[in-house]
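Trainee: Just one file: query-v2.txt, with compact mmCIF, C-alpha atoms and all ligand atoms.
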```
# COMPACT_ATOMS: atom_id res chain seq x y z
CA MET A 1 7.24 12.17 7.92
CA SER A 2 6.92 8.83 6.16
CA LEU A 3 3.55 7.13 6.19
CA ILE A 4 5.17 3.75 6.85
CA ALA A 5 8.57 3.55 8.55
CA ILE A 6 10.12 0.10 8.65
CA THR A 7 13.28 0.18 10.74
CA ASP A 8 15.74 -2.70 11.12
CA VAL A 9 12.96 -5.29 11.23
CA ARG A 10 14.00 -8.82 12.04
CA LYS A 11 11.87 -11.93 12.04
CA SER A 12 12.73 -15.59 12.53
CA PHE A 13 10.68 -18.74 12.35
CA GLY A 14 12.58 -21.07 14.69
CA GLN A 15 16.18 -21.13 13.49
CA ASN A 16 15.23 -19.64 10.15
CA GLU A 17 15.89 -15.89 10.09
CA VAL A 18 13.56 -14.73 7.36
CA LEU A 19 13.92 -10.95 7.71
CA LYS A 20 17.47 -9.84 8.50
CA GLY A 21 17.12 -6.14 9.21
CA ILE A 22 14.73 -4.47 6.81
CA ASP A 23 14.71 -0.68 6.42
CA ILE A 24 12.14 0.91 4.13
CA ASP A 25 10.44 4.29 4.42
CA VAL A 26 7.27 4.70 2.44
CA GLU A 27 6.00 8.20 1.72
CA ARG A 28 2.32 8.99 1.40
CA GLY A 29 1.14 8.25 -2.13
CA GLU A 30 4.13 6.11 -2.97
CA VAL A 31 3.68 2.90 -4.91
CA ILE A 32 6.35 0.35 -4.12
CA ALA A 33 6.84 -2.93 -5.92
CA ILE A 34 8.51 -5.70 -3.97
CA ILE A 35 10.19 -8.28 -6.13
CA GLY A 36 12.42 -11.25 -5.41
CA LYS A 37 12.66 -15.02 -5.50
CA SER A 38 10.25 -17.27 -3.68
CA GLY A 39 11.32 -17.58 -0.06
CA SER A 40 13.11 -14.21 0.08
CA GLY A 41 10.72 -12.93 2.78
CA LYS A 42 8.32 -10.75 0.77
CA SER A 43 5.08 -12.13 2.21
CA THR A 44 6.48 -12.19 5.74
CA LEU A 45 7.38 -8.51 5.43
CA LEU A 46 3.86 -7.58 4.33
CA ARG A 47 2.36 -9.71 7.09
CA CYS A 48 4.53 -7.94 9.65
CA ILE A 49 3.43 -4.52 8.34
CA ASN A 50 -0.18 -5.61 8.65
CA GLY A 51 0.35 -6.92 12.16
CA LEU A 52 -0.40 -10.51 11.14
CA GLU A 53 3.05 -11.51 12.42
CA THR A 54 4.96 -10.17 15.39
CA ILE A 55 8.49 -8.94 14.82
CA ASP A 56 11.60 -9.96 16.77
CA ALA A 57 13.48 -6.66 16.55
CA GLY A 58 13.20 -3.23 15.02
CA SER A 59 10.00 -1.28 14.59
CA ILE A 60 7.21 -0.65 12.12
CA ALA A 61 5.29 2.60 12.28
CA VAL A 62 2.19 3.33 10.25
CA GLY A 63 1.08 6.90 10.79
CA ARG A 64 1.18 7.25 14.54
CA ALA A 65 0.75 3.54 15.35
CA GLN A 66 3.94 1.67 16.10
CA LEU A 67 4.63 -2.04 16.27
CA LEU A 68 7.53 -3.11 18.45
CA PRO A 69 9.01 -6.57 19.09
CA GLY A 70 6.93 -8.93 21.16
CA GLU A 71 3.70 -7.04 20.80
CA ALA A 72 0.80 -9.00 19.48
CA ALA A 73 -0.70 -7.85 16.22
CA LEU A 74 -1.71 -4.30 16.88
CA ARG A 75 -5.34 -3.65 16.21
CA ALA A 76 -4.55 -0.06 15.35
CA LEU A 77 -1.98 -1.13 12.81
CA ARG A 78 -4.30 -3.61 11.21
CA LEU A 79 -7.03 -1.04 10.92
CA LYS A 80 -4.74 1.32 9.09
CA VAL A 81 -3.46 -0.98 6.37
CA GLY A 82 -5.55 -3.17 4.13
CA MET A 83 -4.19 -6.39 2.74
CA ILE A 84 -5.13 -8.30 -0.39
CA PHE A 85 -3.91 -11.81 -0.96
CA GLN A 86 -3.25 -14.10 -3.87
CA GLN A 87 -6.23 -16.20 -2.82
CA PHE A 88 -9.18 -13.86 -2.58
CA ASN A 89 -10.42 -15.26 0.74
CA LEU A 90 -14.04 -14.24 0.22
CA PHE A 91 -16.68 -15.96 2.31
CA PRO A 92 -18.34 -18.33 -0.18
CA HIS A 93 -21.71 -18.30 1.57
CA LEU A 94 -21.97 -14.49 1.49
CA THR A 95 -22.78 -12.26 -1.47
CA ALA A 96 -20.20 -9.83 -2.79
CA GLY A 97 -22.03 -7.02 -1.01
CA ARG A 98 -22.13 -8.89 2.30
CA ASN A 99 -18.44 -9.72 1.99
CA VAL A 100 -17.67 -6.02 1.68
CA MET A 101 -20.05 -5.14 4.54
CA LEU A 102 -18.84 -7.72 7.04
CA SER A 103 -15.51 -6.41 8.33
CA GLN A 104 -16.88 -2.89 8.52
CA MET A 105 -19.64 -4.16 10.80
CA VAL A 106 -17.51 -6.56 12.83
CA VAL A 107 -14.28 -4.61 13.16
CA LYS A 108 -15.41 -1.00 12.88
CA LYS A 109 -18.91 -1.54 14.31
CA THR A 110 -20.35 0.38 11.38
CA PRO A 111 -24.17 0.24 11.42
CA LYS A 112 -25.62 -2.06 8.76
CA VAL A 113 -27.29 0.65 6.67
CA GLN A 114 -24.07 2.61 6.48
CA ALA A 115 -21.96 -0.49 5.79
CA GLU A 116 -24.25 -1.34 2.89
CA ALA A 117 -23.97 2.15 1.45
CA VAL A 118 -20.17 1.98 1.68
CA ALA A 119 -20.18 -1.52 0.13
CA ARG A 120 -22.23 -0.30 -2.83
CA LYS A 121 -19.88 2.63 -3.32
CA MET A 122 -16.76 0.47 -3.13
CA LEU A 123 -18.14 -2.19 -5.48
CA GLU A 124 -18.92 0.61 -7.91
CA ARG A 125 -15.36 1.88 -7.53
CA VAL A 126 -13.99 -1.50 -8.69
CA GLY A 127 -16.52 -1.71 -11.52
CA LEU A 128 -18.85 -4.25 -9.91
CA ALA A 129 -21.87 -2.14 -8.95
CA GLU A 130 -24.24 -4.70 -10.47
CA LYS A 131 -22.69 -7.65 -8.59
CA PHE A 132 -23.78 -6.71 -5.08
CA ASP A 133 -26.04 -9.76 -4.77
CA ALA A 134 -23.78 -12.24 -6.61
CA TYR A 135 -22.09 -15.05 -4.71
CA PRO A 136 -18.34 -15.58 -5.17
CA ASP A 137 -18.83 -18.76 -7.23
CA GLU A 138 -20.91 -16.73 -9.68
CA LEU A 139 -17.98 -14.40 -10.26
CA SER A 140 -14.78 -14.80 -12.29
CA GLY A 141 -11.46 -14.84 -10.46
CA GLY A 142 -10.82 -11.29 -11.58
CA GLN A 143 -14.18 -10.16 -10.26
CA GLN A 144 -13.62 -11.98 -6.96
CA GLN A 145 -10.29 -10.24 -6.55
CA ARG A 146 -11.94 -6.90 -7.27
CA VAL A 147 -14.48 -7.67 -4.52
CA ALA A 148 -11.54 -8.36 -2.21
CA ILE A 149 -10.10 -4.96 -3.16
CA ALA A 150 -13.49 -3.32 -2.48
CA ARG A 151 -13.58 -5.05 0.90
CA ALA A 152 -10.14 -3.65 1.79
CA LEU A 153 -11.10 -0.16 0.59
CA ALA A 154 -14.28 -0.21 2.67
CA MET A 155 -12.10 -0.07 5.77
CA GLU A 156 -10.65 3.26 4.57
CA PRO A 157 -7.03 2.14 4.91
CA MET A 158 -4.13 4.58 4.86
CA ALA A 159 -2.24 2.12 2.70
CA LEU A 160 -2.85 -1.14 0.86
CA LEU A 161 -0.60 -4.18 0.88
CA CYS A 162 -0.99 -6.49 -2.09
CA ASP A 163 0.61 -9.93 -2.06
CA GLU A 164 0.79 -11.34 -5.59
CA ILE A 165 -2.83 -10.43 -6.15
CA THR A 166 -2.82 -11.47 -9.79
CA SER A 167 -0.82 -14.69 -9.46
CA ALA A 168 -3.85 -16.99 -9.08
CA LEU A 169 -5.69 -15.46 -12.03
CA ASP A 170 -6.00 -16.73 -15.57
CA PRO A 171 -3.84 -14.49 -17.77
CA GLU A 172 -6.82 -12.82 -19.45
CA LEU A 173 -8.14 -11.66 -16.06
CA VAL A 174 -4.92 -10.03 -14.84
CA SER A 175 -5.40 -6.72 -16.62
CA GLU A 176 -8.83 -5.94 -15.13
CA VAL A 177 -7.37 -6.25 -11.64
CA LEU A 178 -4.28 -4.20 -12.51
CA ALA A 179 -6.56 -1.54 -14.04
CA VAL A 180 -8.32 -1.18 -10.68
CA VAL A 181 -4.95 -0.90 -8.92
CA LYS A 182 -3.90 1.77 -11.43
CA GLU A 183 -6.99 3.80 -10.60
CA LEU A 184 -6.21 3.60 -6.90
CA VAL A 185 -2.71 4.83 -7.66
CA ALA A 186 -4.14 7.73 -9.65
CA GLU A 187 -6.32 8.59 -6.66
CA GLY A 188 -3.20 8.79 -4.49
CA MET A 189 -3.43 5.51 -2.55
CA THR A 190 -0.20 4.37 -0.91
CA LEU A 191 0.62 0.87 -2.08
CA LEU A 192 3.13 -1.84 -1.32
CA MET A 193 2.79 -4.68 -3.73
CA VAL A 194 4.60 -7.93 -4.10
CA THR A 195 4.30 -8.65 -7.79
CA HIS A 196 5.65 -10.63 -10.72
CA GLU A 197 4.18 -8.12 -13.14
CA MET A 198 7.44 -6.43 -14.08
CA ARG A 199 5.90 -4.22 -16.73
CA PHE A 200 3.33 -2.97 -14.27
CA ALA A 201 6.06 -2.34 -11.70
CA ARG A 202 8.07 -0.39 -14.27
CA ASP A 203 5.13 1.69 -15.48
CA VAL A 204 3.32 2.42 -12.22
CA CYS A 205 5.67 2.18 -9.25
CA SER A 206 7.69 5.00 -7.75
CA ARG A 207 10.25 2.58 -6.33
CA VAL A 208 11.16 -1.06 -6.59
CA VAL A 209 12.51 -3.15 -3.71
CA PHE A 210 14.45 -6.27 -4.64
CA MET A 211 14.53 -8.67 -1.71
CA HIS A 212 17.11 -11.40 -1.50
CA GLN A 213 17.60 -13.81 1.40
CA GLY A 214 15.73 -11.64 3.89
CA ARG A 215 17.40 -8.36 2.99
CA VAL A 216 16.66 -5.37 0.81
CA HIS A 217 19.29 -6.15 -1.77
CA GLU A 218 18.55 -3.23 -4.09
CA ILE A 219 16.07 -0.38 -3.92
CA GLY A 220 15.43 2.51 -6.26
CA PRO A 221 13.23 3.97 -8.95
CA PRO A 222 12.17 1.40 -11.55
CA GLU A 223 14.31 2.98 -14.26
CA HIS A 224 17.38 2.26 -12.14
CA VAL A 225 16.44 -1.15 -10.78
CA PHE A 226 15.27 -2.57 -14.09
CA ALA A 227 17.61 -0.81 -16.51
CA ASN A 228 20.69 -0.74 -14.36
CA PRO A 229 20.73 -3.60 -11.82
CA LYS A 230 23.86 -3.35 -9.70
CA THR A 231 24.14 -6.81 -8.22
CA PRO A 232 24.53 -10.21 -9.89
CA GLU A 233 21.58 -11.48 -7.84
CA LEU A 234 19.20 -8.91 -9.32
CA ARG A 235 20.60 -9.41 -12.80
CA GLN A 236 20.00 -13.12 -12.44
CA PHE A 237 16.48 -12.56 -11.10
CA LEU A 238 15.63 -10.28 -14.02
CA GLY A 239 17.32 -12.60 -16.48
CA VAL A 240 19.52 -9.87 -17.95
P1 LIG A 301 8.21 -15.06 -0.20
O1 LIG A 301 6.88 -14.41 -0.01
O2 LIG A 301 9.28 -14.12 -0.65
O3 LIG A 301 8.14 -16.25 -1.10
P2 LIG A 301 7.94 -15.86 2.56
O4 LIG A 301 7.94 -14.61 3.35
O5 LIG A 301 6.62 -16.50 2.30
O6 LIG A 301 8.73 -15.59 1.21
O7 LIG A 301 8.85 -16.94 3.26
C1 LIG A 301 10.18 -16.69 3.66
C2 LIG A 301 10.68 -17.85 4.46
O8 LIG A 301 9.96 -17.93 5.67
C3 LIG A 301 10.53 -19.20 3.80
O9 LIG A 301 11.67 -19.94 4.09
C4 LIG A 301 9.30 -19.77 4.47
O10 LIG A 301 9.37 -21.17 4.48
C5 LIG A 301 9.40 -19.20 5.86
N1 LIG A 301 8.09 -19.03 6.51
C6 LIG A 301 7.13 -18.17 6.12
N2 LIG A 301 6.06 -18.23 6.94
C7 LIG A 301 6.36 -19.16 7.88
C8 LIG A 301 5.68 -19.68 9.03
N3 LIG A 301 4.45 -19.22 9.37
N4 LIG A 301 6.31 -20.62 9.77
C9 LIG A 301 7.54 -21.05 9.43
N5 LIG A 301 8.23 -20.61 8.37
C10 LIG A 301 7.67 -19.67 7.60
MG MG A 302 5.05 -14.80 -0.86
```
Could you show the structure in this file as structure tokens?
Mentor:
Amino acid sequence: MSLIAITDVRKSFGQNEVLKGIDIDVERGEVIAIIGKSGSGKSTLLRCINGLETIDAGSIAVGRAQLLPGEAALRALRLKVGMIFQQFNLFPHLTAGRNVMLSQMVVKKTPKVQAEAVARKMLERVGLAEKFDAYPDELSGGQQQRVAIARALAMEPMALLCDEITSALDPELVSEVLAVVKELVAEGMTLLMVTHEMRFARDVCSRVVFMHQGRVHEIGPPEHVFANPKTPELRQFLGV
């Protein structure tokens, strides 16, 4: 059984149909890159999977939790998938450690002592063990994004959704964040990531989804999608 089953998902904002019937099955441990032009619906798809948006038709199942049209964001769904954004969205008045502790305590009702232990472990996992007491403005963009990853991991998600998580970073900080993602992949984490890092997608991902105008226009292993694009739209996007 797939870990995430996305079946004929449709989503409109007013008259604007942004997702026009999306079908993707994600197996446990798969790493899927989602590529495509701005406005093709990539972020909306991730937000639907995370239950941040309702869907108009179709279904999204994560493990045993299922999201159907009309249902408000399912708490169960949101607990199962972590999401990391382009903007790190850390609370500026809280230390890195507190940022990682907070959602555990608020959402999962984890006792403080335990939340702190998990936060220390997760910060260590992203290479920031010594930054527990640092405030976000004392950290580089790359470090802040790694804190955001630690915060997502602290919730023990079944899968992680990453939406252009390196796009706001200075170029020299991109690789430290991608290195953390690579480690998660090596540990078997299931990942869906919207990314412009084509080399990373080629080297690390099991499959690549090319979205175009609200549809999955091409999907396949990176060696097919990148080396042998079938449609003019993908060829144009890749510039080949
Ligand atoms: P991408 O991430 O591929 O750039 P998005 O999913 O962000 O694409 O956006 C797809 C389309 O949906 C765009 O036309 C965008 O303007 C529209 N859209 C996204 N979110 C909203 C919203 N909350 N309200 C209205 N329109 C939206
Ligand atoms: Mg987007």
Trainee: Provide the atom CA of Glu183 of chain A to atom CA of Asp203 of chain A distance in Å, to one decimal place.
Mentor: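 Atom CA of Asp203 of chain A lies 13.2 Å from atom CA of Glu183 of chain A.
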Trainee: Kindly compile the residues surrounding ligand LIG 301 (chain A) within 9 Å, counting all atoms listed in the file, and format them as a list in words.
Mentor: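 Sorted by chain and then by number, the residues are Lys11, Ser12, Phe13, Gly14, Asn16, Glu17, Val18, Leu19, Ile35, Gly36, Lys37, Ser38, Gly39, Ser40, Gly41, Lys42, Ser43, Thr44, Leu45, Leu46, Arg47, Glu53, Asp163, Glu164, Val194, Met211, His212, Gln213 and Gly214 of chain A.
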Trainee: Smallest atom-to-atom distance to ligand MG 302 (chain A): which of A:Ile6, A:Ile34, A:Ala201, A:Ala159, using only C-alpha atoms and all ligand atoms?
Mentor: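 Of all the options, A:Ile34 lies closest to ligand MG 302 (chain A).
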Trainee: Quick one: residues within 8 Å of Ala134 of chain A, all atoms listed in the file, excluding same-chain residues fewer than 5 positions away - as an NGL selection string?
Mentor: :A and (95-97 or 139)
Trainee: Using all atoms listed in the file, can you tell me which of A:Lys121, A:Phe85, A:Leu52, A:Gly188 comes closest to ligand MG 302 (chain A)?
Mentor: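 That would be A:Phe85, the residue with the smallest distance to ligand MG 302 (chain A).
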Trainee: Take atom CA of Gly82 of chain A and atom CA of Glu176 of chain A and report the distance between them in Å, one decimal.
Mentor: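 Atom-to-atom, atom CA of Gly82 of chain A and atom CA of Glu176 of chain A are spaced 19.7 Å apart.
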Trainee: Which residue, A:Val118, A:Gln87, A:Phe200, A:Gln66, has the smallest gap to ligand MG 302 (chain A) when you use all atoms listed in the file?
Mentor: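 Selected residue with least distance to ligand MG 302 (chain A): A:Gln87.
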Trainee: Atom CA of Gly29 of chain A and atom CA of Glu218 of chain A, how far apart in Å?
Mentor: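 Spanning atom CA of Glu218 of chain A to atom CA of Gly29 of chain A is a straight-line distance of 20.9 Å.
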Trainee: Go through A:Arg125, A:Arg10, A:Lys108, A:His93 and flag the residue nearest Pro69 of chain A, using all atoms listed in the file for the distances.
Mentor: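 Looking only at the distances to Pro69 of chain A, the closest residue turns out to be A:Arg10.
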Trainee: For Pro221 of chain A, find every residue with an atom within 10 Å (counting all atoms listed in the file), except residues of its own chain fewer than 3 positions away, and show them as a list in words.
Mentor: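 Skipping anything fewer than 3 positions along the chain leaves Ile32, Ala33, Ala201, Arg202, Cys205, Ser206, Arg207, Val208, Val209, His224, Val225, Phe226 and Ala227 of chain A.
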Trainee: What would the file look like if the residues just selected were written as a compact mmCIF listing (two decimals), keeping the file's coordinate frame with C-alpha atoms?
Mentor:
```txt
# COMPACT_ATOMS: atom_id res chain seq x y z
CA ILE A 32 6.35 0.35 -4.12
CA ALA A 33 6.84 -2.93 -5.92
CA ALA A 201 6.06 -2.34 -11.70
CA ARG A 202 8.07 -0.39 -14.27
CA CYS A 205 5.67 2.18 -9.25
CA SER A 206 7.69 5.00 -7.75
CA ARG A 207 10.25 2.58 -6.33
CA VAL A 208 11.16 -1.06 -6.59
CA VAL A 209 12.51 -3.15 -3.71
CA HIS A 224 17.38 2.26 -12.14
CA VAL A 225 16.44 -1.15 -10.78
CA PHE A 226 15.27 -2.57 -14.09
CA ALA A 227 17.61 -0.81 -16.51
```
Trainee: I want to know what sits within 6 Å of Met83 of chain A, based on only C-alpha atoms, with residues of the same chain fewer than 4 positions away left out; could you give that as a list in words?
Mentor: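 So the residues in contact are Leu160, Leu161 and Cys162 of chain A.
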Trainee: Might you pull out every residue within 12 Å of Asp137 of chain A, with all atoms listed in the file counted and same-chain residues fewer than 2 positions away left off, and present them as number ranges by chain?
Mentor: A: 88, 90-96, 131, 133-135, 139-144
Trainee: For Asn89 of chain A, which residue among A:Ile149, A:Val216, A:Ala154, A:Leu123 is the nearest when counting only C-alpha atoms?
Mentor: A:Ile149
Trainee: Leaving out Met158 of chain A and any residue of its chain fewer than 6 positions from it, which residues lie within 10 Å of it when counting only C-alpha atoms, given as a PyMOL selection string?
Mentor: chain A and resi 3-4+28-29+62-63+79-82+189-191
Trainee: Can you tell me, as a PyMOL selection string, which residues sit within 10 Å of (6.6, 1.3, 12.1) in the file's frame, using all atoms listed in the file?
Mentor: chain A and resi 2-7+9+24-25+48-49+58-68+77
Trainee: Provide an axis-aligned box for all listed atoms of segment 52-58 of chain A, padding each side by 6 Å; report its centre and its edge lengths in Å to one decimal, as AutoDock Vina command-line options.
Mentor:
```
--center_x 6.5 --center_y -7.4 --center_z 14.0 --size_x 25.9 --size_y 20.3 --size_z 17.6
```
Trainee: Any chance you could model N, CA and C atoms for segment 200-216 of chain A and send them as an mmCIF file, in the coordinates of the input?
Mentor:
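As written to disk, out.cif reads:
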```cif
data_model
loop_
_atom_site.group_PDB
_atom_site.id
_atom_site.type_symbol
_atom_site.label_atom_id
_atom_site.label_comp_id
_atom_site.auth_asym_id
_atom_site.auth_seq_id
_atom_site.Cartn_x
_atom_site.Cartn_y
_atom_site.Cartn_z
ATOM 1 N N PHE A 200 4.152 -3.805 -15.143
ATOM 2 C CA PHE A 200 3.330 -2.970 -14.270
ATOM 3 C C PHE A 200 4.211 -2.233 -13.274
ATOM 4 N N ALA A 201 5.152 -2.954 -12.679
ATOM 5 C CA ALA A 201 6.060 -2.340 -11.700
ATOM 6 C C ALA A 201 6.831 -1.191 -12.352
ATOM 7 N N ARG A 202 7.280 -1.429 -13.582
ATOM 8 C CA ARG A 202 8.070 -0.390 -14.270
ATOM 9 C C ARG A 202 7.228 0.828 -14.594
ATOM 10 N N ASP A 203 5.980 0.578 -15.005
ATOM 11 C CA ASP A 203 5.130 1.690 -15.480
ATOM 12 C C ASP A 203 4.497 2.483 -14.344
ATOM 13 N N VAL A 204 4.200 1.814 -13.226
ATOM 14 C CA VAL A 204 3.320 2.420 -12.220
ATOM 15 C C VAL A 204 4.038 2.777 -10.915
ATOM 16 N N CYS A 205 5.108 2.043 -10.594
ATOM 17 C CA CYS A 205 5.670 2.180 -9.250
ATOM 18 C C CYS A 205 6.664 3.325 -9.147
ATOM 19 N N SER A 206 6.703 3.948 -7.974
ATOM 20 C CA SER A 206 7.690 5.000 -7.750
ATOM 21 C C SER A 206 9.049 4.387 -7.399
ATOM 22 N N ARG A 207 8.994 3.260 -6.650
ATOM 23 C CA ARG A 207 10.250 2.580 -6.330
ATOM 24 C C ARG A 207 10.056 1.074 -6.359
ATOM 25 N N VAL A 208 11.165 0.404 -6.571
ATOM 26 C CA VAL A 208 11.160 -1.060 -6.590
ATOM 27 C C VAL A 208 12.133 -1.550 -5.516
ATOM 28 N N VAL A 209 11.665 -2.514 -4.723
ATOM 29 C CA VAL A 209 12.510 -3.150 -3.710
ATOM 30 C C VAL A 209 12.807 -4.568 -4.185
ATOM 31 N N PHE A 210 14.070 -4.896 -4.307
ATOM 32 C CA PHE A 210 14.450 -6.270 -4.640
ATOM 33 C C PHE A 210 14.910 -6.943 -3.357
ATOM 34 N N MET A 211 14.151 -7.943 -2.922
ATOM 35 C CA MET A 211 14.530 -8.670 -1.710
ATOM 36 C C MET A 211 15.285 -9.936 -2.072
ATOM 37 N N HIS A 212 16.307 -10.206 -1.274
ATOM 38 C CA HIS A 212 17.110 -11.400 -1.500
ATOM 39 C C HIS A 212 17.563 -11.929 -0.147
ATOM 40 N N GLN A 213 17.200 -13.162 0.153
ATOM 41 C CA GLN A 213 17.600 -13.810 1.400
ATOM 42 C C GLN A 213 17.339 -12.939 2.636
ATOM 43 N N GLY A 214 16.133 -12.361 2.683
ATOM 44 C CA GLY A 214 15.730 -11.640 3.890
ATOM 45 C C GLY A 214 16.274 -10.240 4.029
ATOM 46 N N ARG A 215 16.879 -9.734 2.946
ATOM 47 C CA ARG A 215 17.400 -8.360 2.990
ATOM 48 C C ARG A 215 16.904 -7.568 1.795
ATOM 49 N N VAL A 216 16.882 -6.232 1.971
ATOM 50 C CA VAL A 216 16.660 -5.370 0.810
ATOM 51 C C VAL A 216 17.985 -5.304 0.074
#
```
